[in-house]
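Asks: Sharing my_file_34.txt below, compact mmCIF, C-alpha atoms and all ligand atoms:
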```txt
# COMPACT_ATOMS: atom_id res chain seq x y z
CA MET W 1 11.73 -15.09 -2.05
CA TYR W 2 8.97 -13.05 -0.44
CA ILE W 3 8.30 -9.41 -1.07
CA ASP W 4 6.44 -7.26 1.42
CA THR W 5 4.86 -4.84 -1.03
CA HIS W 6 3.83 -2.30 1.59
CA CYS W 7 5.63 -1.43 4.81
CA HIS W 8 6.68 1.73 6.62
CA LEU W 9 10.17 1.18 8.02
CA ASN W 10 10.55 4.84 7.06
CA PHE W 11 8.12 5.83 9.86
CA LYS W 12 9.27 6.99 13.27
CA ASP W 13 8.36 3.67 14.88
CA PHE W 14 11.59 2.40 13.30
CA LYS W 15 13.74 5.48 13.82
CA ASP W 16 16.23 3.60 15.98
CA ASP W 17 16.48 0.33 14.11
CA ALA W 18 15.20 0.58 10.52
CA ASP W 19 18.50 -0.60 9.04
CA ALA W 20 18.69 -3.51 11.44
CA ILE W 21 15.13 -4.57 10.50
CA ILE W 22 15.89 -4.16 6.79
CA ARG W 23 18.98 -6.36 7.06
CA LYS W 24 17.12 -8.91 9.17
CA SER W 25 14.30 -9.07 6.60
CA LEU W 26 16.66 -9.44 3.65
CA GLY W 27 18.46 -12.19 5.57
CA ASP W 28 15.09 -13.79 6.11
CA ASN W 29 14.32 -14.18 2.40
CA THR W 30 12.11 -11.07 2.29
CA GLN W 31 12.42 -8.05 0.03
CA MET W 32 10.31 -4.93 0.61
CA ILE W 33 8.75 -1.77 -0.72
CA LEU W 34 8.94 1.13 1.75
CA VAL W 35 5.89 3.33 1.34
CA GLY W 36 5.80 7.07 2.01
CA SER W 37 2.79 9.05 3.19
CA GLU W 38 3.99 12.66 2.82
CA GLN W 39 7.14 14.53 1.77
CA LYS W 40 9.37 13.58 4.68
CA THR W 41 8.50 9.88 4.84
CA SER W 42 8.62 9.64 1.04
CA ARG W 43 12.12 11.08 0.96
CA ARG W 44 13.21 8.78 3.76
CA ALA W 45 11.84 5.76 1.86
CA VAL W 46 13.97 6.73 -1.12
CA GLU W 47 17.05 7.28 1.06
CA TYR W 48 16.75 3.80 2.56
CA ALA W 49 16.12 2.19 -0.82
CA ASN W 50 19.18 3.93 -2.28
CA LYS W 51 21.37 2.48 0.47
CA TYR W 52 20.77 -1.13 -0.50
CA PRO W 53 21.97 -2.56 -3.81
CA GLU W 54 18.90 -4.77 -4.08
CA GLY W 55 15.75 -5.91 -2.35
CA VAL W 56 14.65 -2.53 -0.95
CA TYR W 57 12.41 -0.27 -3.00
CA ALA W 58 10.44 2.92 -2.41
CA ALA W 59 6.96 4.22 -3.13
CA ILE W 60 6.33 7.93 -2.70
CA GLY W 61 3.09 9.79 -2.27
CA LEU W 62 0.75 11.93 -0.23
CA HIS W 63 -1.73 10.00 1.92
CA PRO W 64 -5.19 11.61 2.20
CA ILE W 65 -4.96 12.03 5.98
CA HIS W 66 -1.98 14.32 5.45
CA LEU W 67 -4.10 16.88 3.62
CA GLU W 68 -5.55 18.13 6.91
CA ASP W 69 -4.46 18.61 10.51
CA ILE W 70 -5.95 15.56 12.19
CA ALA W 71 -5.40 13.94 15.56
CA VAL W 72 -5.32 10.33 14.44
CA LYS W 73 -6.15 7.80 17.07
CA ASN W 74 -6.77 4.17 16.41
CA ASP W 75 -7.46 1.31 18.75
CA SER W 76 -8.90 -1.53 16.74
CA ALA W 77 -8.08 -4.93 15.26
CA GLU W 78 -5.35 -3.43 13.15
CA GLY W 79 -3.40 -2.15 16.12
CA LYS W 80 -3.07 0.82 18.39
CA TYR W 81 -1.57 4.04 17.19
CA GLU W 82 -1.79 7.72 17.79
CA PHE W 83 -0.24 10.64 15.96
CA THR W 84 -1.04 14.09 14.67
CA SER W 85 -1.00 14.54 10.93
CA ARG W 86 0.04 17.97 9.73
CA ALA W 87 -1.59 19.36 6.62
CA GLU W 88 0.63 19.27 3.56
CA LYS W 89 -0.05 21.21 0.39
CA PHE W 90 0.46 18.88 -2.56
CA ASP W 91 3.64 19.83 -4.41
CA TYR W 92 3.63 17.97 -7.73
CA ASP W 93 7.20 18.93 -8.53
CA TYR W 94 8.61 17.69 -5.22
CA TYR W 95 7.33 14.18 -5.87
CA TYR W 96 8.15 14.30 -9.56
CA GLN W 97 11.79 15.17 -8.87
CA LEU W 98 12.04 12.53 -6.15
CA ALA W 99 10.89 9.76 -8.48
CA LYS W 100 12.43 10.88 -11.74
CA ASP W 101 15.51 8.93 -12.88
CA ASN W 102 15.54 6.74 -9.79
CA LYS W 103 14.91 3.07 -10.52
CA LYS W 104 14.41 2.36 -6.81
CA VAL W 105 11.18 4.36 -6.84
CA VAL W 106 8.74 1.76 -8.10
CA ALA W 107 5.33 3.30 -7.38
CA ILE W 108 3.34 6.37 -6.41
CA GLY W 109 1.68 5.63 -3.08
CA GLU W 110 0.16 5.58 -0.80
CA ILE W 111 -2.51 7.75 -2.23
CA GLY W 112 -6.29 7.51 -2.09
CA LEU W 113 -9.29 8.41 0.02
CA ASP W 114 -9.77 8.12 3.78
CA TYR W 115 -13.21 8.99 5.18
CA PHE W 116 -12.51 7.24 8.48
CA HIS W 117 -10.04 9.76 9.83
CA LEU W 118 -11.64 13.12 9.16
CA PRO W 119 -11.00 16.47 10.85
CA VAL W 120 -13.68 17.40 13.40
CA ASP W 121 -13.64 21.13 12.77
CA LYS W 122 -14.00 21.30 8.97
CA ASN W 123 -16.67 21.14 6.33
CA ILE W 124 -16.68 17.42 5.51
CA PRO W 125 -17.93 17.61 1.91
CA GLU W 126 -15.12 20.09 1.21
CA VAL W 127 -12.57 17.79 2.83
CA LYS W 128 -13.78 14.90 0.69
CA ASP W 129 -13.72 17.01 -2.47
CA LYS W 130 -10.16 18.02 -1.74
CA GLN W 131 -9.10 14.39 -1.20
CA GLN W 132 -10.62 13.46 -4.54
CA ALA W 133 -9.01 16.38 -6.39
CA ILE W 134 -5.55 15.61 -4.99
CA LEU W 135 -5.96 11.90 -5.76
CA LYS W 136 -6.61 12.78 -9.39
CA GLU W 137 -3.44 14.88 -9.49
CA LEU W 138 -1.44 12.06 -7.95
CA LEU W 139 -2.81 9.56 -10.48
CA LEU W 140 -1.63 11.89 -13.23
CA LEU W 141 1.76 12.20 -11.59
CA ALA W 142 2.08 8.40 -11.64
CA HIS W 143 0.98 8.30 -15.24
CA ASN W 144 3.49 10.96 -16.27
CA LEU W 145 6.27 9.01 -14.55
CA SER W 146 5.04 5.68 -16.00
CA LEU W 147 4.73 4.29 -12.49
CA PRO W 148 2.02 2.10 -10.94
CA VAL W 149 -0.02 3.30 -7.96
CA ILE W 150 -0.59 2.01 -4.43
CA ILE W 151 -4.11 2.96 -3.40
CA HIS W 152 -5.33 3.43 0.16
CA CYS W 153 -9.08 3.41 0.75
CA ARG W 154 -10.94 3.60 4.01
CA ASP W 155 -14.74 3.91 4.05
CA ALA W 156 -14.64 5.53 0.61
CA HIS W 157 -15.02 2.85 -2.08
CA PRO W 158 -18.20 4.40 -3.59
CA ASP W 159 -16.21 7.57 -4.37
CA LEU W 160 -12.95 5.81 -5.23
CA LEU W 161 -14.32 3.44 -7.85
CA PRO W 162 -15.62 6.14 -10.25
CA ILE W 163 -12.35 8.08 -10.00
CA LEU W 164 -10.31 5.00 -10.87
CA THR W 165 -12.78 4.03 -13.58
CA ASP W 166 -12.48 7.45 -15.26
CA PHE W 167 -8.71 7.31 -15.04
CA TYR W 168 -8.66 3.78 -16.45
CA GLN W 169 -10.91 4.75 -19.36
CA GLN W 170 -8.81 7.74 -20.20
CA TYR W 171 -5.26 6.46 -19.72
CA LYS W 172 -5.01 2.75 -19.01
CA LYS W 173 -7.56 0.95 -21.10
CA ASP W 174 -5.15 -0.35 -23.72
CA GLN W 175 -2.50 -1.54 -21.30
CA THR W 176 -2.19 -5.25 -20.64
CA LYS W 177 -0.12 -4.83 -17.48
CA GLU W 178 -1.83 -4.05 -14.16
CA TRP W 179 -1.28 -0.41 -13.21
CA GLY W 180 -1.67 -0.56 -9.46
CA VAL W 181 -2.94 -2.19 -6.31
CA VAL W 182 -5.70 -1.46 -3.82
CA HIS W 183 -3.71 -2.11 -0.65
CA CYS W 184 -5.06 -3.70 2.53
CA PHE W 185 -8.19 -4.53 0.60
CA SER W 186 -11.26 -3.96 2.76
CA GLY W 187 -14.13 -4.62 0.35
CA ASP W 188 -16.19 -7.66 -0.63
CA GLN W 189 -16.03 -10.03 -3.61
CA LYS W 190 -18.16 -7.83 -5.81
CA LEU W 191 -15.93 -4.83 -5.23
CA ALA W 192 -12.78 -6.90 -5.76
CA GLY W 193 -14.25 -7.90 -9.12
CA GLU W 194 -14.84 -4.24 -9.99
CA TYR W 195 -11.18 -3.39 -9.35
CA GLN W 196 -10.10 -6.48 -11.28
CA LYS W 197 -12.10 -5.22 -14.26
CA LEU W 198 -10.02 -2.02 -14.11
CA ASN W 199 -6.91 -4.21 -14.30
CA LEU W 200 -5.92 -3.47 -10.70
CA MET W 201 -4.54 -5.89 -8.10
CA ILE W 202 -5.69 -6.23 -4.50
CA SER W 203 -3.42 -6.92 -1.56
CA PHE W 204 -3.82 -8.38 1.91
CA THR W 205 -2.15 -7.77 5.27
CA GLY W 206 -1.90 -9.71 8.53
CA LEU W 207 -5.52 -8.74 9.14
CA ILE W 208 -6.54 -11.93 7.30
CA THR W 209 -4.76 -14.07 9.89
CA PHE W 210 -7.33 -13.11 12.53
CA ALA W 211 -10.33 -11.64 10.70
CA LYS W 212 -12.46 -13.99 8.62
CA ASN W 213 -14.18 -11.32 6.49
CA TRP W 214 -12.06 -12.04 3.40
CA ASP W 215 -11.88 -15.86 3.57
CA GLU W 216 -14.39 -16.47 0.77
CA LEU W 217 -12.93 -13.74 -1.42
CA ILE W 218 -9.41 -15.16 -1.02
CA LYS W 219 -10.61 -18.68 -1.82
CA ASN W 220 -12.22 -17.48 -5.04
CA PHE W 221 -9.96 -14.69 -6.23
CA PRO W 222 -7.12 -15.56 -8.67
CA LEU W 223 -3.71 -15.67 -7.01
CA ALA W 224 -2.28 -13.94 -10.09
CA LYS W 225 -4.18 -10.80 -8.97
CA ILE W 226 -3.17 -10.85 -5.30
CA MET W 227 -0.23 -9.23 -3.53
CA ILE W 228 0.89 -9.59 0.06
CA GLU W 229 2.07 -6.93 2.50
CA THR W 230 2.54 -6.23 6.20
CA ASP W 231 1.71 -2.49 6.44
CA ALA W 232 4.32 -2.56 9.24
CA PRO W 233 4.41 -1.20 11.90
CA TYR W 234 0.63 -1.76 11.87
CA MET W 235 -1.52 -4.88 11.38
CA ALA W 236 0.82 -7.50 12.83
CA PRO W 237 -0.38 -11.02 12.00
CA VAL W 238 -0.99 -13.90 14.36
CA PRO W 239 1.26 -14.89 16.22
CA TYR W 240 2.57 -11.33 16.67
CA ARG W 241 -0.76 -9.60 16.99
CA GLY W 242 -0.55 -6.30 18.88
CA LYS W 243 3.25 -6.13 18.50
CA ARG W 244 5.19 -3.96 16.10
CA ASN W 245 4.98 -5.56 12.67
CA GLU W 246 7.93 -6.09 10.29
CA PRO W 247 8.49 -7.30 6.70
CA ALA W 248 9.61 -10.82 7.62
CA TYR W 249 6.11 -11.47 9.01
CA VAL W 250 4.66 -11.29 5.50
CA LYS W 251 5.13 -15.04 5.34
CA TYR W 252 2.21 -15.46 7.76
CA VAL W 253 -0.03 -13.66 5.27
CA ALA W 254 1.19 -16.00 2.53
CA GLU W 255 0.59 -19.04 4.75
CA ARG W 256 -2.97 -17.96 5.51
CA ILE W 257 -3.73 -17.48 1.80
CA ALA W 258 -2.24 -20.92 1.05
CA GLN W 259 -4.35 -22.48 3.79
CA LEU W 260 -7.54 -20.87 2.47
CA LYS W 261 -6.81 -21.86 -1.12
CA GLY W 262 -5.66 -25.34 -0.16
CA ILE W 263 -2.31 -24.92 -1.88
CA ASN W 264 1.34 -24.95 -0.90
CA ALA W 265 2.71 -21.80 0.81
CA LYS W 266 5.66 -21.87 -1.61
CA GLU W 267 3.24 -21.41 -4.47
CA VAL W 268 1.85 -18.24 -2.82
CA GLU W 269 5.39 -17.02 -2.11
CA ASP W 270 6.48 -17.50 -5.73
CA MET W 271 3.32 -16.20 -7.39
CA THR W 272 3.03 -13.06 -5.24
CA PHE W 273 6.70 -12.33 -5.88
CA ALA W 274 6.17 -12.73 -9.62
CA ASN W 275 3.10 -10.47 -9.37
CA ALA W 276 5.17 -7.74 -7.69
CA GLN W 277 7.90 -8.11 -10.32
CA ARG W 278 5.33 -7.65 -13.06
CA VAL W 279 3.49 -4.70 -11.52
CA PHE W 280 6.35 -2.80 -9.86
CA GLY W 281 9.25 -3.93 -12.04
CA VAL W 282 11.26 -4.92 -8.95
ZN ZN L 301 0.32 1.91 4.74
```
Show me, as structure tokens, the structure contained in the file I just sent.

Replies:
Amino acid sequence: MYIDTHCHLNFKDFKDDADAIIRKSLGDNTQMILVGSEQKTSRRAVEYANKYPEGVYAAIGLHPIHLEDIAVKNDSAEGKYEFTSRAEKFDYDYYYQLAKDNKKVVAIGEIGLDYFHLPVDKNIPEVKDKQQAILKELLLLAHNLSLPVIIHCRDAHPDLLPILTDFYQQYKKDQTKEWGVVHCFSGDQKLAGEYQKLNLMISFTGLITFAKNWDELIKNFPLAKIMIETDAPYMAPVPYRGKRNEPAYVKYVAERIAQLKGINAKEVEDMTFANAQRVFGV
């Protein structure tokens, strides 16, 4: 069994066929965690997860780009997309109530820092400060709910690492279990080691099927600390590059990791599933 630990079938790209894709994925040996990015998509992730007796889980959270009004436009290796984010004021209680007493909500995410998509008309240091302050509140929310976190980071590792280190020192130091994952990991081996020291996992998307930047890291990093994901609809792997991504394609990420490590793909499938069971309690 595979598990796609990060996909967005709750986004509007799937508004006409999310259930069909969910059923197709489950039929294709693939479970999934649907990840929210603001109130509406978080609630929708929970609604989908509630509909299925097993194999579909939800993460809820407020993504840093949804703290400001930003025209988001992307045309790079990870795919083409365009949308306008509308600023949301973080409402602790909304997310707390959504997660509380629901076993299908397995994480708080995605949350983090994004210095790549910034508003053009605002004071940037203030925008960054606000992202950091809200991230700290969201980390506390996760802690209060005893849930792990799914961290998003774009161009912001030097600010992210100290925040996570402080949080780890204060709340997580004595825990043996990993307490979260840095999703779509973009850093180098040294940075991966820093997150590992904080007892965090890293996860990879279809990006590794066509970009070689992480080959050495993947060869050297312990499989017990790696998760796999699609980030669908974005980041479709080879051979679906440029198309809309979906959970069943997570097997191509597993196959690429197996190839780099010189092991059997089944081993990656089983270990990454066990990793997700341990971290998210799925
Ligand atoms: Zn995502």

Asks: Taking a cut-off of 12 Å and counting all atoms listed in the file, can you build a table that, for each residue of chain W near ligand ZN 301 (chain L), reports the nearest atom pair and how far apart they are in Å (one decimal), sorted by chain then residue number, as a Markdown table?

Replies:
```
| residue | atom | partner | partner_atom | distance |
| --- | --- | --- | --- | --- |
| W:Asp4 | CA | L:ZN301 | ZN | 11.5 |
| W:Thr5 | CA | L:ZN301 | ZN | 10.0 |
| W:His6 | CA | L:ZN301 | ZN | 6.3 |
| W:Cys7 | CA | L:ZN301 | ZN | 6.3 |
| W:His8 | CA | L:ZN301 | ZN | 6.6 |
| W:Leu9 | CA | L:ZN301 | ZN | 10.4 |
| W:Asn10 | CA | L:ZN301 | ZN | 10.9 |
| W:Phe11 | CA | L:ZN301 | ZN | 10.1 |
| W:Ile33 | CA | L:ZN301 | ZN | 10.7 |
| W:Leu34 | CA | L:ZN301 | ZN | 9.2 |
| W:Val35 | CA | L:ZN301 | ZN | 6.7 |
| W:Gly36 | CA | L:ZN301 | ZN | 8.0 |
| W:Ser37 | CA | L:ZN301 | ZN | 7.7 |
| W:Glu38 | CA | L:ZN301 | ZN | 11.5 |
| W:Thr41 | CA | L:ZN301 | ZN | 11.4 |
| W:Ser42 | CA | L:ZN301 | ZN | 11.9 |
| W:Ala59 | CA | L:ZN301 | ZN | 10.6 |
| W:Ile60 | CA | L:ZN301 | ZN | 11.3 |
| W:Gly61 | CA | L:ZN301 | ZN | 10.9 |
| W:Leu62 | CA | L:ZN301 | ZN | 11.2 |
| W:His63 | CA | L:ZN301 | ZN | 8.8 |
| W:Pro64 | CA | L:ZN301 | ZN | 11.4 |
| W:Ile65 | CA | L:ZN301 | ZN | 11.5 |
| W:Glu78 | CA | L:ZN301 | ZN | 11.5 |
| W:Gly109 | CA | L:ZN301 | ZN | 8.8 |
| W:Glu110 | CA | L:ZN301 | ZN | 6.6 |
| W:Ile111 | CA | L:ZN301 | ZN | 9.5 |
| W:Gly112 | CA | L:ZN301 | ZN | 11.0 |
| W:Asp114 | CA | L:ZN301 | ZN | 11.9 |
| W:Ile150 | CA | L:ZN301 | ZN | 9.2 |
| W:Ile151 | CA | L:ZN301 | ZN | 9.3 |
| W:His152 | CA | L:ZN301 | ZN | 7.4 |
| W:Cys153 | CA | L:ZN301 | ZN | 10.3 |
| W:Arg154 | CA | L:ZN301 | ZN | 11.4 |
| W:Val182 | CA | L:ZN301 | ZN | 11.0 |
| W:His183 | CA | L:ZN301 | ZN | 7.8 |
| W:Cys184 | CA | L:ZN301 | ZN | 8.1 |
| W:Phe185 | CA | L:ZN301 | ZN | 11.4 |
| W:Ser203 | CA | L:ZN301 | ZN | 11.5 |
| W:Phe204 | CA | L:ZN301 | ZN | 11.4 |
| W:Thr205 | CA | L:ZN301 | ZN | 10.0 |
| W:Glu229 | CA | L:ZN301 | ZN | 9.3 |
| W:Thr230 | CA | L:ZN301 | ZN | 8.6 |
| W:Asp231 | CA | L:ZN301 | ZN | 4.9 |
| W:Ala232 | CA | L:ZN301 | ZN | 7.5 |
| W:Pro233 | CA | L:ZN301 | ZN | 8.8 |
| W:Tyr234 | CA | L:ZN301 | ZN | 8.0 |
| W:Met235 | CA | L:ZN301 | ZN | 9.7 |
| W:Asn245 | CA | L:ZN301 | ZN | 11.8 |
```

Asks: Please produce a file of the residues just selected, as a tab-separated table (two decimals), in the coordinates of the input, where the atoms kept are C-alpha atoms.

Replies:
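As written to disk, result38.tsv reads:
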```
chain	number	residue	atom	x	y	z
W	4	ASP	CA	6.44	-7.26	1.42
W	5	THR	CA	4.86	-4.84	-1.03
W	6	HIS	CA	3.83	-2.30	1.59
W	7	CYS	CA	5.63	-1.43	4.81
W	8	HIS	CA	6.68	1.73	6.62
W	9	LEU	CA	10.17	1.18	8.02
W	10	ASN	CA	10.55	4.84	7.06
W	11	PHE	CA	8.12	5.83	9.86
W	33	ILE	CA	8.75	-1.77	-0.72
W	34	LEU	CA	8.94	1.13	1.75
W	35	VAL	CA	5.89	3.33	1.34
W	36	GLY	CA	5.80	7.07	2.01
W	37	SER	CA	2.79	9.05	3.19
W	38	GLU	CA	3.99	12.66	2.82
W	41	THR	CA	8.50	9.88	4.84
W	42	SER	CA	8.62	9.64	1.04
W	59	ALA	CA	6.96	4.22	-3.13
W	60	ILE	CA	6.33	7.93	-2.70
W	61	GLY	CA	3.09	9.79	-2.27
W	62	LEU	CA	0.75	11.93	-0.23
W	63	HIS	CA	-1.73	10.00	1.92
W	64	PRO	CA	-5.19	11.61	2.20
W	65	ILE	CA	-4.96	12.03	5.98
W	78	GLU	CA	-5.35	-3.43	13.15
W	109	GLY	CA	1.68	5.63	-3.08
W	110	GLU	CA	0.16	5.58	-0.80
W	111	ILE	CA	-2.51	7.75	-2.23
W	112	GLY	CA	-6.29	7.51	-2.09
W	114	ASP	CA	-9.77	8.12	3.78
W	150	ILE	CA	-0.59	2.01	-4.43
W	151	ILE	CA	-4.11	2.96	-3.40
W	152	HIS	CA	-5.33	3.43	0.16
W	153	CYS	CA	-9.08	3.41	0.75
W	154	ARG	CA	-10.94	3.60	4.01
W	182	VAL	CA	-5.70	-1.46	-3.82
W	183	HIS	CA	-3.71	-2.11	-0.65
W	184	CYS	CA	-5.06	-3.70	2.53
W	185	PHE	CA	-8.19	-4.53	0.60
W	203	SER	CA	-3.42	-6.92	-1.56
W	204	PHE	CA	-3.82	-8.38	1.91
W	205	THR	CA	-2.15	-7.77	5.27
W	229	GLU	CA	2.07	-6.93	2.50
W	230	THR	CA	2.54	-6.23	6.20
W	231	ASP	CA	1.71	-2.49	6.44
W	232	ALA	CA	4.32	-2.56	9.24
W	233	PRO	CA	4.41	-1.20	11.90
W	234	TYR	CA	0.63	-1.76	11.87
W	235	MET	CA	-1.52	-4.88	11.38
W	245	ASN	CA	4.98	-5.56	12.67
```

Asks: Work out how far atom CA of W:Ile108 is from atom CA of W:Asn74, in Å to one decimal.

Replies: 25.1 Å

Asks: Enter the distance from atom CA of W:Lys212 to atom CA of W:Leu160, in Å, rounded to one decimal.

Replies: 24.2 Å

Asks: Kindly indicate which residue among W:Lys243, W:Arg278, W:His143, W:Arg44 lies nearest to W:Met227, using all atoms listed in the file for the distances.

Replies: W:Arg278

Asks: Do a neighbour search on W:Ile3 at 8 Å with all atoms listed in the file, toss out local chain neighbours closer than 2 positions, and write the hits as a PyMOL selection string.

Replies: chain W and resi 1+5+30-33+228-229+250+272-273+276

Asks: Under the rule that all atoms listed in the file are counted, which of W:Val279, W:Arg23, W:Leu198, W:Asp155 is the nearest residue to W:Lys173?

Replies: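 Of W:Val279, W:Arg23, W:Leu198, W:Asp155, the one nearest W:Lys173, counting all atoms listed in the file, is W:Leu198.
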
Asks: Go through W:Asp101, W:Asp159, W:Asp16, W:Asp91 one by one, measure the shortest atom-to-atom distance of each to W:Asp129 using only C-alpha atoms, and give the residue with the smallest value.

Replies: W:Asp159

Asks: As an exercise, work out the distance from atom CA of W:Ala99 to atom CA of W:Arg86 in Å and give it to one decimal place.

Replies: 22.7 Å

Asks: Pick the closest to W:Tyr48 from W:Glu68, W:Ala18, W:Asn199, W:Asp28: which is it, counting only C-alpha atoms?

Replies: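 Smallest distance to W:Tyr48 is found for W:Ala18.
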
Asks: Taking 3 positions as the minimum chain separation for residues in the same chain, which residues sit within 10 Å of stretch 190-193 of chain W when counting all atoms listed in the file? Answer as a list in words.

Replies: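 The contact residues come out as His157, Pro158, Leu161, Val182, Phe185, Ser186, Gly187, Gln196, Lys197, Leu198, Asn199, Leu200, Met201, Ile202, Leu217, Phe221 and Lys225 of chain W.
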
Asks: Could you pull the residues within 10 Å of W:Pro237, counting all atoms listed in the file, minus those fewer than 4 positions along the same chain, as a ChimeraX atom specification?

Replies: /W:78,205-210,230,241-246,249-253,256

Asks: With C-alpha atoms retained, could you export that selection as a PDB file, keeping the file's coordinate frame?

Replies:
```
ATOM      1  CA  GLU W  78      -5.350  -3.430  13.150  1.00  0.00           C
ATOM      2  CA  THR W 205      -2.150  -7.770   5.270  1.00  0.00           C
ATOM      3  CA  GLY W 206      -1.900  -9.710   8.530  1.00  0.00           C
ATOM      4  CA  LEU W 207      -5.520  -8.740   9.140  1.00  0.00           C
ATOM      5  CA  ILE W 208      -6.540 -11.930   7.300  1.00  0.00           C
ATOM      6  CA  THR W 209      -4.760 -14.070   9.890  1.00  0.00           C
ATOM      7  CA  PHE W 210      -7.330 -13.110  12.530  1.00  0.00           C
ATOM      8  CA  THR W 230       2.540  -6.230   6.200  1.00  0.00           C
ATOM      9  CA  ARG W 241      -0.760  -9.600  16.990  1.00  0.00           C
ATOM     10  CA  GLY W 242      -0.550  -6.300  18.880  1.00  0.00           C
ATOM     11  CA  LYS W 243       3.250  -6.130  18.500  1.00  0.00           C
ATOM     12  CA  ARG W 244       5.190  -3.960  16.100  1.00  0.00           C
ATOM     13  CA  ASN W 245       4.980  -5.560  12.670  1.00  0.00           C
ATOM     14  CA  GLU W 246       7.930  -6.090  10.290  1.00  0.00           C
ATOM     15  CA  TYR W 249       6.110 -11.470   9.010  1.00  0.00           C
ATOM     16  CA  VAL W 250       4.660 -11.290   5.500  1.00  0.00           C
ATOM     17  CA  LYS W 251       5.130 -15.040   5.340  1.00  0.00           C
ATOM     18  CA  TYR W 252       2.210 -15.460   7.760  1.00  0.00           C
ATOM     19  CA  VAL W 253      -0.030 -13.660   5.270  1.00  0.00           C
ATOM     20  CA  ARG W 256      -2.970 -17.960   5.510  1.00  0.00           C
TER      21      ARG W 256
END
```

Asks: Can you tell me, as a PyMOL selection string, what residues are no more than 9 Å from stretch 126-128 of chain W when counting all atoms listed in the file, ignoring any on the same chain fewer than 2 positions away?

Replies: chain W and resi 67-68+113-115+118-119+122-124+130-133

Asks: Go through W:Ile70, W:Val106, W:Ile226, W:Ala274 one by one, measure the shortest atom-to-atom distance of each to W:Glu82 using all atoms listed in the file, and give the residue with the smallest value.

Replies: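 The closest residue to W:Glu82 is W:Ile70.
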
Asks: Around stretch 113-124 of chain W, fit a box with edges along x, y and z, padding it by 8 Å on each side, then list its centre and edge lengths in Å to one decimal as lines of an AutoDock Vina configuration file.

Replies:
```
center_x = -13.0
center_y = 14.3
center_z = 6.7
size_x = 23.4
size_y = 30.1
size_z = 29.4
```

Asks: Within 8 Å of W:Val268, counting only C-alpha atoms, which residues show up once you throw out same-chain ones fewer than 4 positions away? Write them as a PyMOL selection string, please.

Replies: chain W and resi 223+254-255+257-258+263-264+272

Asks: Nearest to W:Val149: which of W:Ala58, W:Met271, W:Leu260, W:Ala236 is it, counting all atoms listed in the file?

Replies: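 Nearest to W:Val149: W:Ala58.
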